[in-house]
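run.txt (compact mmCIF, C-alpha atoms) appears below.
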```txt
# COMPACT_ATOMS: atom_id res chain seq x y z
CA MET L 285 -2.49 1.94 17.27
CA VAL L 286 -3.10 4.72 19.75
CA VAL L 287 -6.44 4.97 21.53
CA VAL L 288 -7.21 8.36 23.05
CA MET L 289 -9.94 8.11 25.68
CA GLN L 290 -12.47 10.89 26.22
CA GLU L 291 -11.90 13.41 28.98
CA GLY L 292 -13.43 11.92 32.08
CA ALA L 293 -13.76 8.41 30.66
CA THR L 294 -14.59 6.09 33.54
CA ASP L 295 -12.28 3.39 34.85
CA ASN L 296 -14.76 0.82 33.64
CA GLN L 297 -14.74 2.23 30.08
CA ILE L 298 -10.94 2.21 30.01
CA GLU L 299 -10.88 -1.35 31.36
CA GLN L 300 -13.24 -2.53 28.63
CA VAL L 301 -10.99 -1.07 25.91
CA VAL L 302 -7.84 -2.58 27.43
CA LYS L 303 -9.63 -5.92 27.73
CA ARG L 304 -10.64 -5.79 24.09
CA LEU L 305 -7.15 -4.88 22.90
CA VAL L 306 -5.61 -7.69 24.96
CA GLU L 307 -8.15 -10.10 23.45
CA MET L 308 -7.05 -8.92 20.01
CA GLY L 309 -3.50 -9.99 20.87
CA MET L 310 -2.04 -6.57 21.55
CA ASP L 311 0.31 -5.38 24.28
CA VAL L 312 -1.20 -2.32 25.89
CA HIS L 313 0.67 0.64 27.29
CA LYS L 314 -1.59 2.68 29.45
CA SER L 315 -0.74 6.29 30.22
CA THR L 316 -2.99 8.03 32.67
CA GLY L 317 -2.89 11.78 32.29
CA VAL L 318 -4.57 14.41 34.43
CA THR L 319 -7.70 14.56 32.25
CA ARG L 320 -7.22 11.93 29.59
CA THR L 321 -5.92 8.39 29.36
CA VAL L 322 -4.03 7.25 26.30
CA LEU L 323 -3.62 3.58 25.40
CA GLY L 324 -0.81 2.52 23.11
CA ALA L 325 -1.42 -0.87 21.50
CA VAL L 326 1.53 -2.66 19.92
CA GLY L 327 2.16 -6.21 18.81
CA GLN L 328 1.40 -8.74 16.14
CA GLY L 329 -2.37 -8.61 16.56
CA ARG L 330 -4.59 -6.95 13.97
CA PRO L 331 -6.92 -4.78 15.99
CA ASP L 332 -9.98 -3.44 14.22
CA ALA L 333 -9.72 0.32 14.69
CA ALA L 334 -13.36 0.88 13.76
CA LEU L 335 -14.55 -1.52 16.47
CA ILE L 336 -12.42 0.16 19.12
CA GLU L 337 -13.57 3.60 18.01
CA MET L 338 -17.19 2.56 18.63
CA MET L 339 -16.53 1.63 22.25
CA ASP L 340 -17.84 3.81 25.09
CA GLY L 341 -15.44 6.44 26.32
CA VAL L 342 -13.17 6.38 23.26
CA HIS L 343 -12.38 9.79 21.82
CA GLU L 344 -10.18 8.83 18.89
CA VAL L 345 -8.23 5.93 17.42
CA VAL L 346 -5.07 6.71 15.53
CA ARG L 347 -3.66 3.91 13.39
CA ILE L 348 0.10 4.02 13.09
CA SER L 349 0.76 1.09 10.78
CA SER L 350 -0.67 0.65 7.29
CA PRO L 351 -3.40 -1.95 6.74
CA TYR L 352 -1.56 -3.36 3.70
CA LYS L 353 1.60 -5.38 4.24
CA LEU L 354 3.00 -7.07 1.12
CA ALA L 355 2.63 -3.84 -0.92
CA SER L 356 4.47 -1.69 1.60
CA ARG L 357 8.05 -0.44 1.59
CA THR L 358 8.46 -1.69 5.14
CA PHE L 359 7.86 -5.23 3.90
CA LYS L 360 10.28 -4.92 0.97
CA SER L 361 12.65 -1.97 0.78
CA GLU L 362 14.15 -2.52 -2.67
CA PRO L 363 11.97 -1.62 -5.67
CA THR L 364 10.16 -4.40 -7.52
CA VAL L 365 11.05 -4.76 -11.19
CA VAL L 366 8.40 -6.44 -13.34
CA THR L 367 9.96 -8.24 -16.28
CA VAL L 368 8.10 -9.04 -19.49
CA GLY L 369 10.47 -10.53 -22.07
CA ASP L 370 13.28 -7.98 -22.26
CA VAL L 371 11.12 -5.14 -20.93
CA ARG L 372 11.82 -4.21 -17.31
CA ILE L 373 9.21 -2.06 -15.59
CA GLY L 374 10.41 -0.40 -12.41
CA GLY L 375 14.11 -0.33 -13.30
CA ASP L 376 16.16 2.65 -14.50
CA GLU L 377 14.38 2.88 -17.81
CA VAL L 378 11.10 4.72 -18.22
CA ILE L 379 8.88 2.29 -20.15
CA VAL L 380 6.28 3.71 -22.50
CA MET L 381 3.17 1.71 -23.38
CA ALA L 382 1.10 3.10 -26.21
CA GLY L 383 -1.55 2.20 -28.74
CA PRO L 384 -5.17 2.72 -29.55
CA CYS L 385 -7.90 2.83 -26.95
CA SER L 386 -9.60 -0.13 -28.56
CA ALA L 387 -8.85 -2.54 -31.38
CA GLU L 388 -11.15 -1.61 -34.27
CA SER L 389 -9.55 -3.33 -37.27
CA GLU L 390 -6.34 -5.09 -38.24
CA GLN L 391 -5.25 -2.11 -40.26
CA GLN L 392 -5.92 0.44 -37.53
CA VAL L 393 -4.08 -1.53 -34.85
CA MET L 394 -1.11 -2.27 -37.10
CA ALA L 395 -0.74 1.37 -38.13
CA ALA L 396 -0.78 2.50 -34.50
CA ALA L 397 1.65 -0.24 -33.42
CA VAL L 398 4.14 0.70 -36.14
CA ALA L 399 3.91 4.39 -35.24
CA VAL L 400 4.37 3.98 -31.49
CA ARG L 401 7.08 1.34 -31.84
CA ARG L 402 9.06 3.62 -34.11
CA ALA L 403 8.76 6.42 -31.55
CA GLY L 404 10.14 4.20 -28.77
CA ALA L 405 7.16 2.51 -27.10
CA LYS L 406 7.96 -1.00 -25.86
CA VAL L 407 4.52 -2.22 -24.90
CA LEU L 408 1.43 -2.12 -27.08
CA ARG L 409 -1.84 -1.22 -25.39
CA GLY L 410 -5.29 -1.79 -26.79
CA GLY L 411 -8.66 -2.94 -25.60
CA ALA L 412 -10.79 -5.79 -26.85
CA PHE L 413 -13.33 -5.57 -24.04
CA LYS L 414 -14.25 -1.98 -23.29
CA PRO L 415 -15.79 -0.88 -20.01
CA ARG L 416 -17.75 2.04 -21.43
CA SER L 417 -19.80 4.38 -19.29
CA SER L 418 -22.78 3.81 -21.60
CA PRO L 419 -24.04 0.39 -22.71
CA TYR L 420 -24.77 1.91 -26.15
CA SER L 421 -21.12 2.87 -26.77
CA PHE L 422 -18.77 0.59 -28.74
CA GLN L 423 -18.05 -2.44 -26.50
CA GLY L 424 -14.96 -3.81 -28.24
CA LEU L 425 -14.24 -6.62 -30.71
CA GLY L 426 -13.71 -9.33 -28.09
CA GLU L 427 -11.46 -12.27 -29.02
CA GLU L 428 -11.05 -11.01 -32.58
CA GLY L 429 -9.66 -7.79 -31.12
CA LEU L 430 -7.20 -9.75 -28.97
CA ARG L 431 -5.99 -11.69 -32.00
CA ILE L 432 -5.46 -8.46 -33.95
CA LEU L 433 -3.58 -6.92 -31.03
CA GLN L 434 -1.40 -9.97 -30.54
CA ASP L 435 -0.49 -10.12 -34.23
CA ALA L 436 0.50 -6.46 -34.21
CA SER L 437 2.53 -6.74 -31.01
CA ARG L 438 4.41 -9.79 -32.32
CA ALA L 439 5.07 -8.14 -35.67
CA GLU L 440 6.50 -5.10 -33.91
CA ASN L 441 8.31 -7.09 -31.19
CA MET L 442 6.34 -5.46 -28.40
CA ALA L 443 4.73 -6.79 -25.25
CA LEU L 444 0.94 -6.53 -25.08
CA VAL L 445 -1.28 -5.16 -22.33
CA SER L 446 -5.07 -5.39 -22.49
CA GLU L 447 -7.89 -4.90 -20.09
CA VAL L 448 -9.66 -7.73 -18.30
CA MET L 449 -13.09 -6.67 -17.09
CA ASP L 450 -14.46 -9.86 -15.69
CA ILE L 451 -13.26 -13.08 -14.14
CA SER L 452 -14.75 -14.98 -17.14
CA GLN L 453 -12.33 -13.21 -19.55
CA ILE L 454 -9.13 -14.09 -17.69
CA ASP L 455 -8.29 -17.33 -19.51
CA LEU L 456 -8.88 -15.79 -22.91
CA ILE L 457 -6.87 -12.65 -22.23
CA GLU L 458 -4.06 -14.67 -20.65
CA ARG L 459 -3.71 -16.58 -23.92
CA TYR L 460 -3.16 -13.42 -25.98
CA CYS L 461 -1.60 -10.85 -23.64
CA ASP L 462 1.57 -10.38 -21.63
CA ILE L 463 0.09 -8.04 -19.01
CA PHE L 464 -3.43 -7.97 -17.58
CA GLN L 465 -4.85 -4.50 -17.17
CA VAL L 466 -7.40 -3.87 -14.42
CA GLY L 467 -9.28 -0.67 -15.15
CA ALA L 468 -10.23 2.07 -12.73
CA ARG L 469 -13.82 0.87 -12.53
CA ASN L 470 -12.67 -2.60 -11.51
CA MET L 471 -10.07 -1.57 -8.96
CA GLN L 472 -12.28 -2.89 -6.18
CA ASN L 473 -13.62 -5.92 -8.05
CA PHE L 474 -12.14 -8.14 -5.38
CA THR L 475 -13.10 -11.49 -6.93
CA LEU L 476 -11.30 -10.43 -10.12
CA LEU L 477 -8.25 -9.25 -8.14
CA ARG L 478 -8.15 -12.48 -6.13
CA GLU L 479 -8.22 -14.60 -9.28
CA LEU L 480 -5.47 -12.51 -10.91
CA GLY L 481 -3.44 -13.12 -7.75
CA HIS L 482 -3.40 -16.81 -8.69
CA ARG L 483 -2.13 -16.16 -12.21
CA ARG L 484 1.51 -15.63 -13.06
CA LYS L 485 1.28 -12.81 -15.57
CA PRO L 486 1.85 -9.21 -14.43
CA VAL L 487 -1.14 -7.07 -13.53
CA LEU L 488 -1.37 -3.36 -14.32
CA LEU L 489 -3.70 -2.00 -11.66
CA LYS L 490 -5.27 1.37 -12.36
CA ARG L 491 -6.31 3.61 -9.49
CA GLY L 492 -10.07 3.81 -9.01
CA ILE L 493 -11.77 7.02 -9.97
CA SER L 494 -12.43 7.94 -6.34
CA ALA L 495 -10.01 5.63 -4.58
CA THR L 496 -7.62 6.81 -1.89
CA ILE L 497 -4.01 5.73 -2.17
CA GLU L 498 -4.60 3.38 0.75
CA GLU L 499 -7.54 1.70 -0.98
CA TRP L 500 -5.47 1.39 -4.14
CA LEU L 501 -2.62 -0.31 -2.29
CA LEU L 502 -5.11 -2.60 -0.53
CA SER L 503 -6.33 -3.68 -3.98
CA ALA L 504 -2.72 -4.43 -4.93
CA GLU L 505 -2.50 -6.41 -1.70
CA TYR L 506 -5.31 -8.68 -2.93
CA ILE L 507 -3.23 -9.64 -5.98
CA LEU L 508 0.04 -9.94 -4.06
CA SER L 509 -1.51 -12.05 -1.32
CA GLY L 510 -2.52 -14.61 -3.94
CA GLY L 511 1.16 -15.08 -4.78
CA ASN L 512 1.39 -12.93 -7.91
CA THR L 513 4.19 -10.50 -7.09
CA ASP L 514 4.18 -8.65 -10.42
CA VAL L 515 1.84 -5.73 -9.85
CA ILE L 516 2.27 -2.43 -11.69
CA LEU L 517 0.31 0.50 -10.28
CA CYS L 518 -1.11 3.12 -12.63
CA GLU L 519 -2.32 6.61 -11.71
CA ARG L 520 -5.01 7.83 -14.11
CA GLY L 521 -6.68 10.79 -12.44
CA ILE L 522 -9.34 11.01 -9.78
CA ARG L 523 -12.71 12.71 -9.53
CA THR L 524 -12.56 16.09 -7.84
CA PHE L 525 -14.74 19.22 -7.77
CA GLU L 526 -13.02 20.53 -10.90
CA THR L 527 -15.13 20.47 -14.06
CA ALA L 528 -12.75 22.05 -16.61
CA THR L 529 -10.99 18.70 -16.95
CA ARG L 530 -12.68 15.33 -16.81
CA ASN L 531 -10.56 14.00 -13.95
CA THR L 532 -7.79 15.56 -11.92
CA PHE L 533 -4.49 13.86 -12.63
CA ASP L 534 -2.84 13.27 -9.25
CA VAL L 535 0.90 13.75 -9.73
CA SER L 536 1.45 13.71 -5.99
CA ALA L 537 0.14 10.14 -5.87
CA ILE L 538 3.10 9.01 -8.00
CA ALA L 539 5.65 10.42 -5.56
CA MET L 540 3.62 9.28 -2.56
CA VAL L 541 3.16 5.70 -3.73
CA LYS L 542 6.88 5.45 -4.49
CA LYS L 543 7.46 6.23 -0.82
CA LEU L 544 4.79 3.90 0.53
CA SER L 545 5.30 0.95 -1.80
CA HIS L 546 8.03 -0.97 -3.61
CA LEU L 547 5.79 -1.59 -6.63
CA PRO L 548 6.43 0.18 -9.94
CA VAL L 549 4.11 3.10 -10.68
CA ILE L 550 3.23 4.28 -14.14
CA ALA L 551 0.90 7.05 -15.29
CA ASP L 552 -1.98 7.24 -17.73
CA PRO L 553 -2.13 10.88 -18.85
CA SER L 554 -4.81 10.15 -21.47
CA HIS L 555 -7.71 9.56 -19.11
CA GLY L 556 -6.66 12.18 -16.59
CA ALA L 557 -7.85 15.21 -18.49
CA GLY L 558 -9.74 13.44 -21.28
CA ARG L 559 -8.34 15.94 -23.80
CA ARG L 560 -5.63 15.35 -26.36
CA ASP L 561 -3.93 18.70 -25.73
CA MET L 562 -3.45 17.86 -22.04
CA VAL L 563 -1.77 14.49 -22.56
CA ALA L 564 1.78 15.72 -23.21
CA PRO L 565 1.99 18.16 -20.26
CA LEU L 566 0.66 15.52 -17.86
CA ALA L 567 2.98 12.86 -19.30
CA ARG L 568 5.98 15.14 -18.83
CA ALA L 569 4.92 15.92 -15.27
CA ALA L 570 4.48 12.22 -14.47
CA VAL L 571 7.94 11.27 -15.69
CA ALA L 572 9.48 14.23 -13.89
CA ALA L 573 7.70 13.13 -10.71
CA GLY L 574 9.34 9.72 -10.91
CA ALA L 575 6.85 7.53 -12.77
CA ASP L 576 8.36 4.26 -14.00
CA GLY L 577 6.45 4.50 -17.24
CA LEU L 578 3.48 5.80 -19.14
CA ILE L 579 0.49 4.30 -20.88
CA VAL L 580 -0.73 6.57 -23.66
CA GLU L 581 -3.54 6.36 -26.18
CA VAL L 582 -2.36 6.94 -29.75
CA HIS L 583 -4.56 6.62 -32.84
CA CYS L 584 -3.63 7.30 -36.44
CA ASP L 585 -7.07 8.78 -37.13
CA PRO L 586 -8.38 9.81 -33.72
CA ASP L 587 -11.23 11.85 -35.15
CA HIS L 588 -12.79 8.62 -36.43
CA ALA L 589 -11.85 6.44 -33.44
CA LEU L 590 -14.66 4.30 -32.05
CA SER L 591 -13.71 5.21 -28.48
CA ASP L 592 -11.75 7.91 -26.64
CA GLY L 593 -10.88 9.79 -29.85
CA ALA L 594 -10.76 13.13 -28.09
CA GLN L 595 -7.98 12.02 -25.79
CA SER L 596 -5.97 9.97 -28.31
CA MET L 597 -2.78 11.56 -29.58
CA PHE L 598 -1.80 11.79 -33.23
CA PRO L 599 1.40 9.83 -33.93
CA SER L 600 3.22 13.10 -34.61
CA GLN L 601 2.25 14.41 -31.17
CA PHE L 602 3.44 11.15 -29.63
CA ASP L 603 6.80 11.47 -31.45
CA ARG L 604 7.22 14.92 -30.03
CA LEU L 605 6.31 13.76 -26.52
CA MET L 606 8.89 10.97 -26.70
CA ALA L 607 11.54 13.48 -27.80
CA GLU L 608 10.70 15.66 -24.81
CA LEU L 609 10.84 12.70 -22.45
CA ARG L 610 14.34 11.93 -23.74
CA ILE L 611 15.37 15.25 -22.21
CA ILE L 612 13.39 14.91 -18.96
CA ALA L 613 14.29 11.31 -18.07
CA PRO L 614 18.09 11.78 -17.96
CA ALA L 615 17.63 14.96 -15.92
CA ILE L 616 16.29 12.83 -13.06
CA GLY L 617 18.71 9.97 -13.57
CA ARG L 618 16.46 7.72 -15.67
CA SER L 619 16.96 6.33 -19.12
CA ILE L 620 14.36 6.00 -21.87
CA CYS L 621 14.27 4.10 -25.14
CA LEU L 622 15.83 5.78 -28.16
CA GLU L 623 13.85 6.03 -31.36
CA ALA L 624 13.65 2.56 -32.87
CA SER L 625 14.04 3.91 -36.41
CA PRO L 626 15.04 7.55 -36.54
CA ARG L 627 13.51 9.59 -39.29
CA ARG L 628 14.72 12.69 -40.98
CA GLY L 629 13.36 15.89 -39.54
CA TRP L 630 13.27 17.57 -36.20
CA GLY L 631 14.62 16.11 -33.00
CA THR L 632 17.75 14.48 -34.38
CA MET I 236 29.32 14.74 47.11
CA THR I 237 30.62 15.21 43.58
CA LEU I 238 28.63 14.63 40.39
CA ASP I 239 30.56 11.43 39.78
CA ASP I 240 29.76 10.15 43.26
CA LEU I 241 26.08 10.84 42.72
CA ARG I 242 26.13 9.10 39.36
CA ASP I 243 27.81 6.11 40.98
CA ASP I 244 25.00 6.06 43.51
CA ILE I 245 22.44 6.07 40.72
CA ASP I 246 24.19 3.15 39.04
CA ARG I 247 24.11 1.19 42.29
CA VAL I 248 20.42 1.93 42.82
CA ASP I 249 19.64 0.92 39.22
CA GLU I 250 21.37 -2.41 39.76
CA VAL I 251 19.18 -3.11 42.77
CA LEU I 252 16.09 -1.87 40.88
CA VAL I 253 16.68 -4.17 37.91
CA ARG I 254 17.27 -7.11 40.21
CA LEU I 255 14.04 -6.39 42.05
CA LEU I 256 12.11 -5.85 38.82
CA ASN I 257 13.26 -9.23 37.59
CA GLU I 258 12.28 -10.80 40.88
CA ARG I 259 8.84 -9.28 40.36
CA ALA I 260 8.82 -10.55 36.77
CA ARG I 261 9.51 -14.10 37.93
CA CYS I 262 6.41 -13.90 40.13
CA VAL I 263 4.51 -12.60 37.08
CA CYS I 264 5.61 -15.57 34.97
CA GLU I 265 4.46 -17.98 37.66
CA ILE I 266 1.13 -16.18 37.76
CA GLY I 267 0.96 -16.52 33.97
CA ARG I 268 1.39 -20.29 34.37
CA LEU I 269 -1.40 -20.42 36.96
CA LYS I 270 -3.70 -18.34 34.75
CA LYS I 271 -2.97 -20.65 31.85
CA GLU I 272 -3.80 -23.72 33.95
CA THR I 273 -7.01 -22.26 35.32
CA GLY I 274 -8.06 -20.52 32.11
CA MET I 275 -8.17 -17.17 33.86
CA GLU I 276 -8.00 -13.94 31.81
CA VAL I 277 -4.60 -12.22 31.66
CA TYR I 278 -6.13 -8.81 32.13
CA GLN I 279 -7.47 -8.37 35.66
CA PRO I 280 -8.40 -4.71 36.02
CA ASP I 281 -9.37 -5.00 39.68
CA ARG I 282 -6.02 -6.48 40.60
CA GLU I 283 -4.21 -3.76 38.61
CA LYS I 284 -6.18 -1.18 40.56
CA GLN I 285 -5.18 -2.84 43.86
CA VAL I 286 -1.51 -2.79 42.88
CA LEU I 287 -1.65 0.90 42.04
CA GLN I 288 -3.51 1.72 45.27
CA HIS I 289 -0.94 -0.20 47.23
CA VAL I 290 2.06 1.59 45.74
CA ARG I 291 0.36 4.98 46.01
CA ALA I 292 -0.24 4.35 49.70
CA ILE I 293 3.42 3.72 50.42
CA ALA I 294 4.69 6.51 48.14
CA SER I 295 3.57 9.51 50.12
CA GLU I 296 6.91 10.46 51.68
CA GLY I 297 9.35 10.52 48.73
CA PRO I 298 9.94 13.33 46.28
CA LEU I 299 8.14 11.39 43.50
CA GLY I 300 4.77 11.40 45.20
CA PRO I 301 1.85 9.00 44.61
CA ASP I 302 0.93 10.21 41.08
CA ALA I 303 4.41 9.81 39.65
CA VAL I 304 4.86 6.44 41.34
CA ALA I 305 1.51 5.30 39.91
CA ARG I 306 2.59 6.38 36.41
CA LEU I 307 5.84 4.42 36.76
CA PHE I 308 3.93 1.38 37.94
CA GLU I 309 1.57 1.61 34.96
CA ARG I 310 4.64 0.85 32.82
CA ILE I 311 5.64 -2.02 35.10
CA ILE I 312 2.13 -3.45 34.87
CA ASP I 313 2.14 -3.08 31.05
CA GLU I 314 5.27 -5.23 30.90
CA ALA I 315 3.85 -7.72 33.38
CA ARG I 316 0.72 -8.13 31.23
CA ARG I 317 2.95 -8.70 28.21
CA LEU I 318 4.96 -11.38 30.02
CA GLU I 319 1.83 -13.14 31.25
CA ARG I 320 0.35 -13.11 27.78
CA ARG I 321 3.48 -14.70 26.36
CA VAL I 322 3.41 -17.42 29.03
CA VAL I 323 -0.30 -18.07 28.41
CA HIS I 324 0.32 -18.34 24.64
CA GLY I 325 3.28 -20.66 25.20
CA GLN I 326 5.80 -18.26 23.64
CA ILE I 327 7.88 -18.46 26.85
CA ASP I 328 7.73 -20.83 29.81
CA GLU I 329 7.21 -19.80 33.42
CA SER I 330 10.94 -19.18 33.90
CA GLY I 331 10.83 -16.66 31.07
CA GLN I 332 12.73 -18.88 28.59
CA VAL I 333 11.71 -19.59 25.01
CA PRO I 334 10.73 -23.30 24.89
CA PRO I 335 13.21 -25.41 22.86
CA ALA I 336 10.57 -26.29 20.25
CA GLN I 337 10.15 -22.60 19.31
CA LYS I 338 13.81 -21.82 18.76
CA GLU I 339 14.92 -21.59 15.14
```
For this file, produce the structure as structure tokens.
Amino acid sequence: MVVVMQEGATDNQIEQVVKRLVEMGMDVHKSTGVTRTVLGAVGQGRPDAALIEMMDGVHEVVRISSPYKLASRTFKSEPTVVTVGDVRIGGDEVIVMAGPCSAESEQQVMAAAVAVRRAGAKVLRGGAFKPRSSPYSFQGLGEEGLRILQDASRAENMALVSEVMDISQIDLIERYCDIFQVGARNMQNFTLLRELGHRRKPVLLKRGISATIEEWLLSAEYILSGGNTDVILCERGIRTFETATRNTFDVSAIAMVKKLSHLPVIADPSHGAGRRDMVAPLARAAVAAGADGLIVEVHCDPDHALSDGAQSMFPSQFDRLMAELRIIAPAIGRSICLEASPRRGWGT
Amino acid sequence: MTLDDLRDDIDRVDEVLVRLLNERARCVCEIGRLKKETGMEVYQPDREKQVLQHVRAIASEGPLGPDAVARLFERIIDEARRLERRVVHGQIDESGQVPPAQKE
């Protein structure tokens, strides 16, 4: 941490800051310039930058180390690979997770699972508890939905990811799912994150709708610090001044997080724009930018979906996307699953 | 004098400097022990000011001048504070050694 004192800060003001930093366990390097004094603070202490900034005579505090530790590349230089059965997230292969926004019926989930599995998806997604913006929107089928999702994922030999909204749902979801999903709205639900840190199933942590990358990694830190090392980050778009799309999908965050952290990063192109026709371009961009995977909403009859129909892809669109990704992934040295059961027609 | 001669001189001066700095550091460690025993704060701004005034006063004749000497001594004081803190926290003893219990 570097503390820049104001021009003409008094000796007493400088002494107070040095005293405080020493109390916080830091070694202080004091450089007295002609008009300004600069204090360099190094060491194992954890000085509170905001407290120092409030002190008399301080012009600016510049933090040089990140506030998260376990999530950072400095802590662990080699990439983390999260393993679920034979699916490895964060390795060479780009892993695609797909399925309906929410489980509506056995038939609907099964149809979607068959379609996405055939196209090359390895993880089934689907919600049983839906965090909807309106309390009057469809809230999900609950445990029945989880059972339907689990049956479909087992039948299709896929792993299952589903959203946990509240600490009270953890036990139930753990029984049915392979990966916990923490949604954007819950990214800073710290009691939920802490509890998931004590579980031993992977956590897919979506970026909050207005969260900075640092806040996102601090949320990951909550899970990691509980001892659960299997955290998958997921970029899903952030709120900006743009109104043409629902959210602005932040491709740069994928590349940035890969630099800052060892954790795998996947992308959710469905929620970014909120429009079906934007999903494929964003998915292609995410993979090209180095994402370790995708999570995509696919529905066999999106026009009648009970939630997120407008952003759910038709299976045919998903097939086409997967075919495109099979060209993009090798171009950047990644592999991606081949079609599980090739069909006659285009792309072969 | 040739460049090599001058560089030899610098090496000799550095040897004396390092020896003297370590002699100073031994005093610092002893002070750290005393501060630990008496519960006195490591950071003593008034004393730091005295040290700087003292060295400025005797620095007037050389090419460095009082300001440059004071800047150099700020670094020396930084390191002294670090040593004292480590003695006070028991990370090293007053002779500057890591206590046997702390070695891996």
Exercise. Hey, what's within 12 Å of L:His343 if we count all atoms listed in the file and toss same-chain stuff fewer than 4 positions away? As a list in words, please?
Worked result: Val286, Val287, Val288, Met289, Gln290, Glu291, Gly292, Ala293, Gln297, Ile298, Val301, Arg320, Thr321, Val322, Leu323, Ile336, Glu337, Met338 and Met339 of chain L
Exercise. Residues of chain L within 7 Å of chain I, using only C-alpha atoms, as a list in words?
Worked result: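 For chain L, the answer reads Glu299, Lys303, Asp311, Val312, His313, Lys314 and Thr316 of chain L.
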For this session: Find the spatial neighbours of stretch 559-571 of chain L, counting all atoms listed in the file, within a cut-off of 7 Å - ignore same-chain residues fewer than 5 positions away - and output them as a ChimeraX atom specification.
Result: /L:535,551,553-554,594-597,605,609,613
Exercise. What does the distance from atom CA of I:Glu265 to atom CA of I:Leu287 come to in Å, to one decimal?
Worked result: 20.3 Å
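Minimum atom-to-atom distance to L:Lys485, evaluated using only C-alpha atoms, belongs to L:Glu458 out of L:Glu458, L:Glu307, L:Glu505, L:Glu499.
Atom CA of L:Asp435 is found 21.4 Å from atom CA of L:Pro586.
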Exercise. When you draw a straight line from atom CA of L:Phe359 to atom CA of L:Glu498, how long is it in Å?
Worked result: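 According to the coordinates, atom CA of L:Phe359 and atom CA of L:Glu498 are separated by 15.5 Å.
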Edge lengths and centre, in Å to one decimal, as lines of an AutoDock Vina configuration file: that's what I need for the box along x, y and z that holds all listed atoms of stretch 318-328 of chain L plus 8 Å on each side.
```
center_x = -2.8
center_y = 2.9
center_z = 25.3
size_x = 25.9
size_y = 39.3
size_z = 34.3
```
How close does each residue of stretch 565-627 of chain L get to stretch 385-390 of chain L, giving the shortest atom pair and distance in Å to one decimal for every residue with an atom at most 9 Å away, counting all atoms listed in the file, sorted by chain and residue number, as a tab-separated table?
```
residue	atom	partner	partner_atom	distance
L:Val580	CA	L:Cys385	CA	8.7
L:Glu581	CA	L:Cys385	CA	5.7
L:Val582	CA	L:Cys385	CA	7.4
L:His583	CA	L:Cys385	CA	7.8
L:Ala589	CA	L:Glu388	CA	8.1
L:Leu590	CA	L:Glu388	CA	7.2
L:Ser591	CA	L:Cys385	CA	6.5
L:Asp592	CA	L:Cys385	CA	6.4
L:Gly593	CA	L:Cys385	CA	8.1
L:Ser596	CA	L:Cys385	CA	7.5
```
Problem set entry | Test item: residues at most 12 Å from L:Ser494, all atoms listed in the file, excluding those fewer than 5 positions along its chain, as JSON, numbers by chain | {"L": [468, 469, 470, 471, 472, 499, 500, 519, 520, 521, 522, 523, 524, 525, 531, 532, 533, 534]}
For this session: Kindly indicate which residue among I:Arg268, I:His289, I:Arg282, I:Arg247 lies nearest to I:Gln326, using all atoms listed in the file for the distances.
Result: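 Once distances to I:Gln326 are computed over all atoms listed in the file, the minimum belongs to I:Arg268.
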Problem set entry | Nearest candidate to L:Met394 (options L:Arg483, L:Cys584, L:Tyr352, L:Val445; using all atoms listed in the file) | L:Cys584
